[in-house]
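Okay, run16.txt is below, compact mmCIF, N, CA and C atoms and all ligand atoms:
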# COMPACT_ATOMS: atom_id res chain seq x y z
N MET A 1 13.84 19.27 -33.00
CA MET A 1 12.99 18.08 -32.94
C MET A 1 12.31 17.97 -31.57
N ILE A 2 13.13 17.97 -30.56
CA ILE A 2 12.56 17.84 -29.22
C ILE A 2 11.63 19.00 -28.92
N VAL A 3 12.09 20.19 -29.25
CA VAL A 3 11.30 21.35 -28.87
C VAL A 3 9.98 21.38 -29.60
N GLU A 4 9.88 20.68 -30.72
CA GLU A 4 8.59 20.63 -31.41
C GLU A 4 7.64 19.64 -30.77
N GLY A 5 8.12 18.88 -29.83
CA GLY A 5 7.23 18.00 -29.09
C GLY A 5 7.05 16.64 -29.72
N TYR A 6 7.84 16.30 -30.71
CA TYR A 6 7.65 15.02 -31.38
C TYR A 6 8.59 13.94 -30.85
N ALA A 7 9.48 14.31 -30.01
CA ALA A 7 10.43 13.32 -29.51
C ALA A 7 10.45 13.32 -28.00
N PHE A 8 10.61 12.16 -27.45
CA PHE A 8 10.78 12.04 -26.01
C PHE A 8 12.26 12.08 -25.69
N GLU A 9 12.52 12.40 -24.50
CA GLU A 9 13.89 12.31 -24.04
C GLU A 9 14.15 10.89 -23.57
N TYR A 10 15.07 10.25 -24.22
CA TYR A 10 15.48 8.92 -23.78
C TYR A 10 16.79 9.08 -23.02
N THR A 11 16.65 9.15 -21.74
CA THR A 11 17.81 9.49 -20.93
C THR A 11 18.94 8.50 -21.14
N TYR A 12 18.59 7.24 -21.29
CA TYR A 12 19.64 6.25 -21.38
C TYR A 12 20.40 6.32 -22.70
N GLN A 13 19.86 7.08 -23.67
CA GLN A 13 20.58 7.25 -24.91
C GLN A 13 21.24 8.63 -24.99
N THR A 14 21.05 9.42 -23.98
CA THR A 14 21.48 10.80 -24.05
C THR A 14 22.67 11.04 -23.13
N PRO A 15 23.70 11.63 -23.63
CA PRO A 15 24.80 12.00 -22.73
C PRO A 15 24.28 12.86 -21.60
N TYR A 16 24.83 12.60 -20.45
CA TYR A 16 24.28 13.26 -19.27
C TYR A 16 24.35 14.77 -19.39
N LYS A 17 25.36 15.28 -20.05
CA LYS A 17 25.52 16.73 -20.08
C LYS A 17 24.40 17.42 -20.84
N TYR A 18 23.65 16.63 -21.66
CA TYR A 18 22.52 17.23 -22.37
C TYR A 18 21.19 17.00 -21.66
N GLN A 19 21.23 16.25 -20.58
CA GLN A 19 19.97 15.81 -19.99
C GLN A 19 19.10 16.99 -19.58
N ARG A 20 19.72 17.96 -18.93
CA ARG A 20 18.92 19.08 -18.45
C ARG A 20 18.29 19.84 -19.62
N GLU A 21 19.08 20.06 -20.66
CA GLU A 21 18.55 20.79 -21.80
C GLU A 21 17.40 20.03 -22.45
N PHE A 22 17.57 18.73 -22.57
CA PHE A 22 16.52 17.93 -23.22
C PHE A 22 15.26 17.90 -22.38
N GLN A 23 15.46 17.78 -21.10
CA GLN A 23 14.28 17.78 -20.25
C GLN A 23 13.58 19.14 -20.31
N GLN A 24 14.39 20.18 -20.34
CA GLN A 24 13.83 21.52 -20.43
C GLN A 24 12.99 21.64 -21.71
N ALA A 25 13.56 21.17 -22.82
CA ALA A 25 12.85 21.27 -24.09
C ALA A 25 11.56 20.47 -24.04
N GLU A 26 11.65 19.26 -23.44
CA GLU A 26 10.45 18.45 -23.38
C GLU A 26 9.39 19.12 -22.51
N ASN A 27 9.83 19.69 -21.40
CA ASN A 27 8.88 20.36 -20.52
C ASN A 27 8.23 21.54 -21.23
N GLU A 28 9.03 22.26 -21.99
CA GLU A 28 8.47 23.40 -22.71
C GLU A 28 7.44 22.94 -23.72
N ALA A 29 7.79 21.88 -24.45
CA ALA A 29 6.85 21.36 -25.43
C ALA A 29 5.57 20.90 -24.76
N ARG A 30 5.75 20.25 -23.62
CA ARG A 30 4.58 19.75 -22.89
C ARG A 30 3.74 20.93 -22.41
N ALA A 31 4.41 21.96 -21.91
CA ALA A 31 3.69 23.09 -21.33
C ALA A 31 2.92 23.85 -22.39
N THR A 32 3.50 23.92 -23.58
CA THR A 32 2.84 24.68 -24.63
C THR A 32 1.95 23.82 -25.50
N LYS A 33 1.87 22.53 -25.17
CA LYS A 33 0.98 21.60 -25.85
C LYS A 33 1.24 21.59 -27.35
N ARG A 34 2.52 21.57 -27.70
CA ARG A 34 2.85 21.49 -29.10
C ARG A 34 2.97 20.02 -29.52
N GLY A 35 2.80 19.81 -30.80
CA GLY A 35 3.07 18.51 -31.39
C GLY A 35 2.37 17.38 -30.64
N LEU A 36 3.18 16.42 -30.18
CA LEU A 36 2.65 15.21 -29.55
C LEU A 36 1.82 15.52 -28.32
N TRP A 37 2.16 16.63 -27.67
CA TRP A 37 1.48 16.92 -26.41
C TRP A 37 0.17 17.66 -26.64
N SER A 38 -0.16 17.92 -27.90
CA SER A 38 -1.39 18.62 -28.16
C SER A 38 -2.57 17.82 -27.65
N ASP A 39 -3.58 18.52 -27.22
CA ASP A 39 -4.77 17.84 -26.73
C ASP A 39 -5.47 17.08 -27.86
N ASN A 40 -5.15 17.43 -29.10
CA ASN A 40 -5.83 16.81 -30.23
C ASN A 40 -5.24 15.46 -30.60
N THR A 41 -4.06 15.14 -30.11
CA THR A 41 -3.47 13.86 -30.48
C THR A 41 -4.05 12.76 -29.62
N CYS A 42 -3.88 11.56 -30.13
CA CYS A 42 -4.42 10.42 -29.43
C CYS A 42 -3.66 10.22 -28.12
N ALA A 43 -4.37 10.29 -27.03
CA ALA A 43 -3.70 10.17 -25.73
C ALA A 43 -3.09 8.79 -25.55
N GLY A 44 -3.69 7.80 -26.22
CA GLY A 44 -3.18 6.45 -26.01
C GLY A 44 -1.77 6.27 -26.52
N SER A 45 -1.34 7.11 -27.48
CA SER A 45 0.00 6.92 -28.03
C SER A 45 1.07 7.22 -27.00
N LEU A 46 0.72 7.98 -25.99
CA LEU A 46 1.73 8.34 -25.01
C LEU A 46 2.25 7.10 -24.29
N THR A 47 1.35 6.18 -24.01
CA THR A 47 1.79 5.04 -23.23
C THR A 47 2.70 4.14 -24.05
N THR A 48 2.45 4.02 -25.35
CA THR A 48 3.29 3.13 -26.15
C THR A 48 4.64 3.76 -26.45
N LEU A 49 4.73 5.08 -26.45
CA LEU A 49 5.98 5.72 -26.76
C LEU A 49 6.85 5.94 -25.53
N THR A 50 6.24 5.90 -24.39
CA THR A 50 6.99 6.14 -23.16
C THR A 50 7.95 4.98 -22.92
N PRO A 51 9.20 5.25 -22.70
CA PRO A 51 10.14 4.16 -22.41
C PRO A 51 9.73 3.40 -21.17
N THR A 52 9.84 2.09 -21.26
CA THR A 52 9.48 1.27 -20.10
C THR A 52 10.48 1.49 -18.99
N PRO A 53 10.01 1.87 -17.84
CA PRO A 53 10.96 2.08 -16.74
C PRO A 53 11.63 0.78 -16.34
N GLU A 54 12.82 0.92 -15.84
CA GLU A 54 13.54 -0.25 -15.37
C GLU A 54 12.73 -0.95 -14.29
N PRO A 55 12.75 -2.27 -14.28
CA PRO A 55 12.06 -2.97 -13.20
C PRO A 55 12.60 -2.53 -11.84
N ALA A 56 11.70 -2.33 -10.93
CA ALA A 56 12.12 -1.85 -9.61
C ALA A 56 13.07 -2.85 -8.98
N VAL A 57 14.09 -2.30 -8.40
CA VAL A 57 15.03 -3.16 -7.68
C VAL A 57 14.27 -3.86 -6.57
N SER A 58 14.52 -5.14 -6.47
CA SER A 58 13.78 -5.92 -5.49
C SER A 58 14.00 -5.36 -4.09
N THR A 59 12.94 -4.79 -3.57
CA THR A 59 12.99 -4.26 -2.22
C THR A 59 12.25 -5.21 -1.30
N PRO A 60 12.75 -5.38 -0.13
CA PRO A 60 12.06 -6.30 0.80
C PRO A 60 10.65 -5.82 1.08
N MET A 61 9.71 -6.67 0.76
CA MET A 61 8.32 -6.31 0.98
C MET A 61 7.90 -6.73 2.38
N PRO A 62 7.11 -5.92 3.05
CA PRO A 62 6.60 -6.37 4.35
C PRO A 62 5.70 -7.58 4.15
N ALA A 63 5.68 -8.41 5.10
CA ALA A 63 4.87 -9.62 4.98
C ALA A 63 3.42 -9.24 4.73
N PRO A 64 2.84 -9.80 3.69
CA PRO A 64 1.44 -9.45 3.41
C PRO A 64 0.53 -9.91 4.53
N SER A 65 -0.33 -9.01 4.91
CA SER A 65 -1.27 -9.36 5.98
C SER A 65 -2.49 -10.01 5.36
N THR A 66 -2.72 -11.23 5.71
CA THR A 66 -3.85 -11.96 5.14
C THR A 66 -5.13 -11.54 5.86
N PRO A 67 -6.21 -11.43 5.11
CA PRO A 67 -7.47 -11.00 5.73
C PRO A 67 -7.93 -11.94 6.83
N THR A 68 -7.48 -13.19 6.75
CA THR A 68 -7.95 -14.16 7.74
C THR A 68 -7.22 -14.01 9.07
N THR A 69 -6.15 -13.22 9.08
CA THR A 69 -5.42 -13.05 10.32
C THR A 69 -6.22 -12.21 11.30
N LYS A 70 -6.51 -12.77 12.40
CA LYS A 70 -7.29 -12.00 13.38
C LYS A 70 -6.36 -11.08 14.15
N PRO A 71 -6.92 -9.99 14.66
CA PRO A 71 -6.08 -9.07 15.42
C PRO A 71 -5.52 -9.75 16.65
N PRO A 72 -4.40 -9.29 17.15
CA PRO A 72 -3.83 -9.89 18.35
C PRO A 72 -4.82 -9.87 19.49
N ALA A 73 -4.83 -10.92 20.27
CA ALA A 73 -5.80 -11.01 21.35
C ALA A 73 -5.62 -9.88 22.35
N THR A 74 -4.43 -9.30 22.39
CA THR A 74 -4.20 -8.24 23.36
C THR A 74 -5.02 -6.99 23.05
N THR A 75 -5.43 -6.82 21.76
CA THR A 75 -6.25 -5.66 21.44
C THR A 75 -7.70 -5.89 21.83
N CYS A 76 -8.10 -7.14 21.94
CA CYS A 76 -9.43 -7.51 22.40
C CYS A 76 -10.53 -6.84 21.57
N ASP A 77 -10.68 -7.29 20.37
CA ASP A 77 -11.73 -6.79 19.50
C ASP A 77 -13.07 -7.38 19.93
N CYS A 78 -14.01 -6.51 20.23
CA CYS A 78 -15.30 -6.97 20.74
C CYS A 78 -16.38 -6.98 19.67
N SER A 79 -15.98 -6.87 18.40
CA SER A 79 -16.98 -6.73 17.35
C SER A 79 -17.58 -8.06 16.93
N GLY A 80 -17.09 -9.15 17.44
CA GLY A 80 -17.65 -10.45 17.07
C GLY A 80 -16.96 -11.56 17.81
N ASN A 81 -17.41 -12.78 17.55
CA ASN A 81 -16.79 -13.94 18.20
C ASN A 81 -15.49 -14.27 17.49
N ILE A 82 -14.43 -13.57 17.91
CA ILE A 82 -13.15 -13.67 17.22
C ILE A 82 -12.20 -14.60 17.97
N TYR A 83 -12.28 -14.58 19.29
CA TYR A 83 -11.27 -15.30 20.07
C TYR A 83 -11.86 -16.51 20.76
N ASN A 84 -10.97 -17.43 21.02
CA ASN A 84 -11.26 -18.54 21.90
C ASN A 84 -10.18 -18.56 22.97
N CYS A 85 -10.41 -19.35 23.97
CA CYS A 85 -9.45 -19.38 25.07
C CYS A 85 -8.02 -19.67 24.61
N PRO A 86 -7.81 -20.57 23.66
CA PRO A 86 -6.41 -20.81 23.24
C PRO A 86 -5.73 -19.60 22.63
N ASP A 87 -6.50 -18.56 22.27
CA ASP A 87 -5.89 -17.36 21.71
C ASP A 87 -5.26 -16.48 22.79
N PHE A 88 -5.55 -16.78 24.02
CA PHE A 88 -4.98 -15.98 25.11
C PHE A 88 -3.89 -16.80 25.80
N ALA A 89 -2.85 -16.06 26.19
CA ALA A 89 -1.73 -16.75 26.82
C ALA A 89 -2.05 -17.14 28.26
N THR A 90 -2.81 -16.28 28.89
CA THR A 90 -3.08 -16.54 30.31
C THR A 90 -4.56 -16.32 30.61
N HIS A 91 -4.97 -16.85 31.74
CA HIS A 91 -6.35 -16.61 32.19
C HIS A 91 -6.61 -15.12 32.40
N SER A 92 -5.63 -14.41 32.96
CA SER A 92 -5.86 -12.99 33.23
C SER A 92 -6.05 -12.20 31.94
N ALA A 93 -5.31 -12.59 30.90
CA ALA A 93 -5.48 -11.90 29.61
C ALA A 93 -6.88 -12.15 29.06
N ALA A 94 -7.32 -13.39 29.17
CA ALA A 94 -8.67 -13.71 28.70
C ALA A 94 -9.71 -13.00 29.55
N GLN A 95 -9.46 -12.96 30.84
CA GLN A 95 -10.41 -12.31 31.76
C GLN A 95 -10.51 -10.81 31.45
N THR A 96 -9.36 -10.21 31.16
CA THR A 96 -9.35 -8.78 30.85
C THR A 96 -10.18 -8.50 29.61
N CYS A 97 -9.99 -9.31 28.59
CA CYS A 97 -10.76 -9.12 27.36
C CYS A 97 -12.23 -9.41 27.61
N PHE A 98 -12.50 -10.47 28.35
CA PHE A 98 -13.87 -10.85 28.69
C PHE A 98 -14.60 -9.70 29.37
N GLU A 99 -13.93 -9.09 30.33
CA GLU A 99 -14.56 -7.98 31.05
C GLU A 99 -14.61 -6.72 30.19
N HIS A 100 -13.58 -6.54 29.34
CA HIS A 100 -13.55 -5.37 28.47
C HIS A 100 -14.75 -5.38 27.53
N CYS A 101 -15.15 -6.53 27.09
CA CYS A 101 -16.25 -6.63 26.13
C CYS A 101 -17.61 -6.66 26.83
N GLY A 102 -17.62 -6.59 28.12
CA GLY A 102 -18.90 -6.53 28.81
C GLY A 102 -19.12 -7.64 29.82
N GLY A 103 -18.12 -8.48 29.98
CA GLY A 103 -18.22 -9.51 30.99
C GLY A 103 -19.28 -10.56 30.67
N ILE A 104 -19.90 -11.07 31.70
CA ILE A 104 -20.81 -12.21 31.55
C ILE A 104 -22.06 -11.83 30.75
N ASP A 105 -22.39 -10.54 30.74
CA ASP A 105 -23.58 -10.10 30.01
C ASP A 105 -23.32 -9.96 28.51
N ASN A 106 -22.08 -9.94 28.14
CA ASN A 106 -21.76 -9.81 26.71
C ASN A 106 -20.52 -10.63 26.39
N ASP A 107 -20.64 -11.91 26.63
CA ASP A 107 -19.50 -12.80 26.40
C ASP A 107 -19.46 -13.16 24.91
N ILE A 108 -19.11 -12.14 24.12
CA ILE A 108 -19.23 -12.27 22.67
C ILE A 108 -18.28 -13.34 22.12
N HIS A 109 -17.20 -13.58 22.82
CA HIS A 109 -16.23 -14.57 22.34
C HIS A 109 -16.50 -15.96 22.89
N GLY A 110 -17.44 -16.05 23.80
CA GLY A 110 -17.73 -17.34 24.41
C GLY A 110 -16.59 -17.83 25.28
N LEU A 111 -15.99 -16.91 26.01
CA LEU A 111 -14.83 -17.27 26.83
C LEU A 111 -15.24 -17.85 28.17
N ASP A 112 -16.49 -17.61 28.53
CA ASP A 112 -16.95 -18.11 29.83
C ASP A 112 -18.14 -19.02 29.58
N ALA A 113 -17.84 -20.24 29.19
CA ALA A 113 -18.91 -21.15 28.77
C ALA A 113 -19.86 -21.47 29.91
N ASP A 114 -19.37 -21.50 31.12
CA ASP A 114 -20.24 -21.89 32.23
C ASP A 114 -20.84 -20.70 32.97
N LYS A 115 -20.61 -19.52 32.43
CA LYS A 115 -21.26 -18.31 32.91
C LYS A 115 -21.05 -18.05 34.41
N ASP A 116 -19.88 -18.31 34.88
CA ASP A 116 -19.63 -18.01 36.28
C ASP A 116 -18.80 -16.74 36.44
N GLY A 117 -18.61 -16.03 35.35
CA GLY A 117 -17.89 -14.77 35.43
C GLY A 117 -16.38 -14.91 35.38
N ILE A 118 -15.91 -16.13 35.25
CA ILE A 118 -14.46 -16.35 35.17
C ILE A 118 -14.17 -16.92 33.78
N ALA A 119 -13.46 -16.16 32.99
CA ALA A 119 -13.21 -16.55 31.62
C ALA A 119 -11.99 -17.46 31.54
N CYS A 120 -12.14 -18.51 30.77
CA CYS A 120 -10.99 -19.39 30.48
C CYS A 120 -10.25 -19.80 31.75
N GLU A 121 -11.02 -20.33 32.68
CA GLU A 121 -10.39 -20.67 33.97
C GLU A 121 -9.39 -21.81 33.85
N ASN A 122 -9.37 -22.48 32.72
CA ASN A 122 -8.38 -23.55 32.57
C ASN A 122 -7.05 -23.04 32.00
N LEU A 123 -6.97 -21.72 31.74
CA LEU A 123 -5.68 -21.17 31.27
C LEU A 123 -4.80 -20.91 32.48
N PRO A 124 -3.52 -20.89 32.30
CA PRO A 124 -2.60 -20.65 33.42
C PRO A 124 -2.80 -19.26 34.03
CA CA B 201 -15.11 -17.97 20.64
CA CA B 202 -16.09 -19.72 33.57

Written as structure tokens, that's how I'd like the structure from this file.
Ligand SMILES: [Ca+2]
Ligand SMILES: [Ca+2]
Amino acid sequence: MIVEGYAFEYTYQTPYKYQREFQQAENEARATKRGLWSDNTCAGSLTTLTPTPEPAVSTPMPAPSTPTTKPPATTCDCSGNIYNCPDFATHSAAQTCFEHCGGIDNDIHGLDADKDGIACENLP
């Protein structure tokens, strides 16, 4: 039956000692495109006959990163007005980013509102 390609191996119904043989038979049937595995059979039937895999054991998922989360200010992304002074812990951090992005000539984040070359002077 199996070797003719009409039956799937249902591992959970099969004694373990036969598992290798059954898998071998299924692989052979698949390789030789006999029976169910023939290219002429409806491919859609494979999905309905395939045993549903056990639900994955709940594994701790990493916290999903929301698109609205801006990159850490320490990376200093200069591609747009992403940061404001409160995003920086210190004046020097803001100043570093301010200068990294081009300083007073390219204050893309608006960190130096009064254009004196000192970014976020009210930060510690
Ligand atoms: Ca800003
Ligand atoms: Ca300033």

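The list of residues within 9 Å of (-4.1, -22.5, 29.3), counted using only C-alpha atoms, is Cys85, Pro86, Phe88, Ala89, Thr90, His91, Cys120, Glu121, Asn122, Leu123 and Pro124 of chain A.
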
Kindly provide, as a compact mmCIF listing (two decimals) with N, CA and C atoms, in the coordinates of the input, all nucleotide and amino acid residues lying within 7 Å of ligand CA 202 (chain B), counting only N, CA and C atoms and all ligand atoms.
# COMPACT_ATOMS: atom_id res chain seq x y z
N LEU A 111 -15.99 -16.91 26.01
CA LEU A 111 -14.83 -17.27 26.83
C LEU A 111 -15.24 -17.85 28.17
N ASP A 112 -16.49 -17.61 28.53
CA ASP A 112 -16.95 -18.11 29.83
C ASP A 112 -18.14 -19.02 29.58
N ALA A 113 -17.84 -20.24 29.19
CA ALA A 113 -18.91 -21.15 28.77
C ALA A 113 -19.86 -21.47 29.91
N ASP A 114 -19.37 -21.50 31.12
CA ASP A 114 -20.24 -21.89 32.23
C ASP A 114 -20.84 -20.70 32.97
N LYS A 115 -20.61 -19.52 32.43
CA LYS A 115 -21.26 -18.31 32.91
C LYS A 115 -21.05 -18.05 34.41
N ASP A 116 -19.88 -18.31 34.88
CA ASP A 116 -19.63 -18.01 36.28
C ASP A 116 -18.80 -16.74 36.44
N GLY A 117 -18.61 -16.03 35.35
CA GLY A 117 -17.89 -14.77 35.43
C GLY A 117 -16.38 -14.91 35.38
N ILE A 118 -15.91 -16.13 35.25
CA ILE A 118 -14.46 -16.35 35.17
C ILE A 118 -14.17 -16.92 33.78
N ALA A 119 -13.46 -16.16 32.99
CA ALA A 119 -13.21 -16.55 31.62
C ALA A 119 -11.99 -17.46 31.54
N CYS A 120 -12.14 -18.51 30.77
CA CYS A 120 -10.99 -19.39 30.48
C CYS A 120 -10.25 -19.80 31.75
N GLU A 121 -11.02 -20.33 32.68
CA GLU A 121 -10.39 -20.67 33.97
C GLU A 121 -9.39 -21.81 33.85

Taking all atoms listed in the file into account, list the residues no farther than 6 Å from ligand CA 201 (chain B), as JSON, numbers by chain. {"A": [81, 82, 83, 84, 85, 108, 109, 110, 111]}

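Atom to atom, atom C of Gly80 of chain A and atom C of Asp107 of chain A stand 7.7 Å apart.
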
Would you compute the distance between atom N of Asn106 of chain A and atom C of Thr75 of chain A? Give it in Å to one decimal. 16.2 Å

Find the distance between atom CA of Thr52 of chain A and atom CA of Asn27 of chain A and write it in Å to one decimal.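 So the two atoms, atom CA of Thr52 of chain A and atom CA of Asn27 of chain A, lie 19.1 Å apart.
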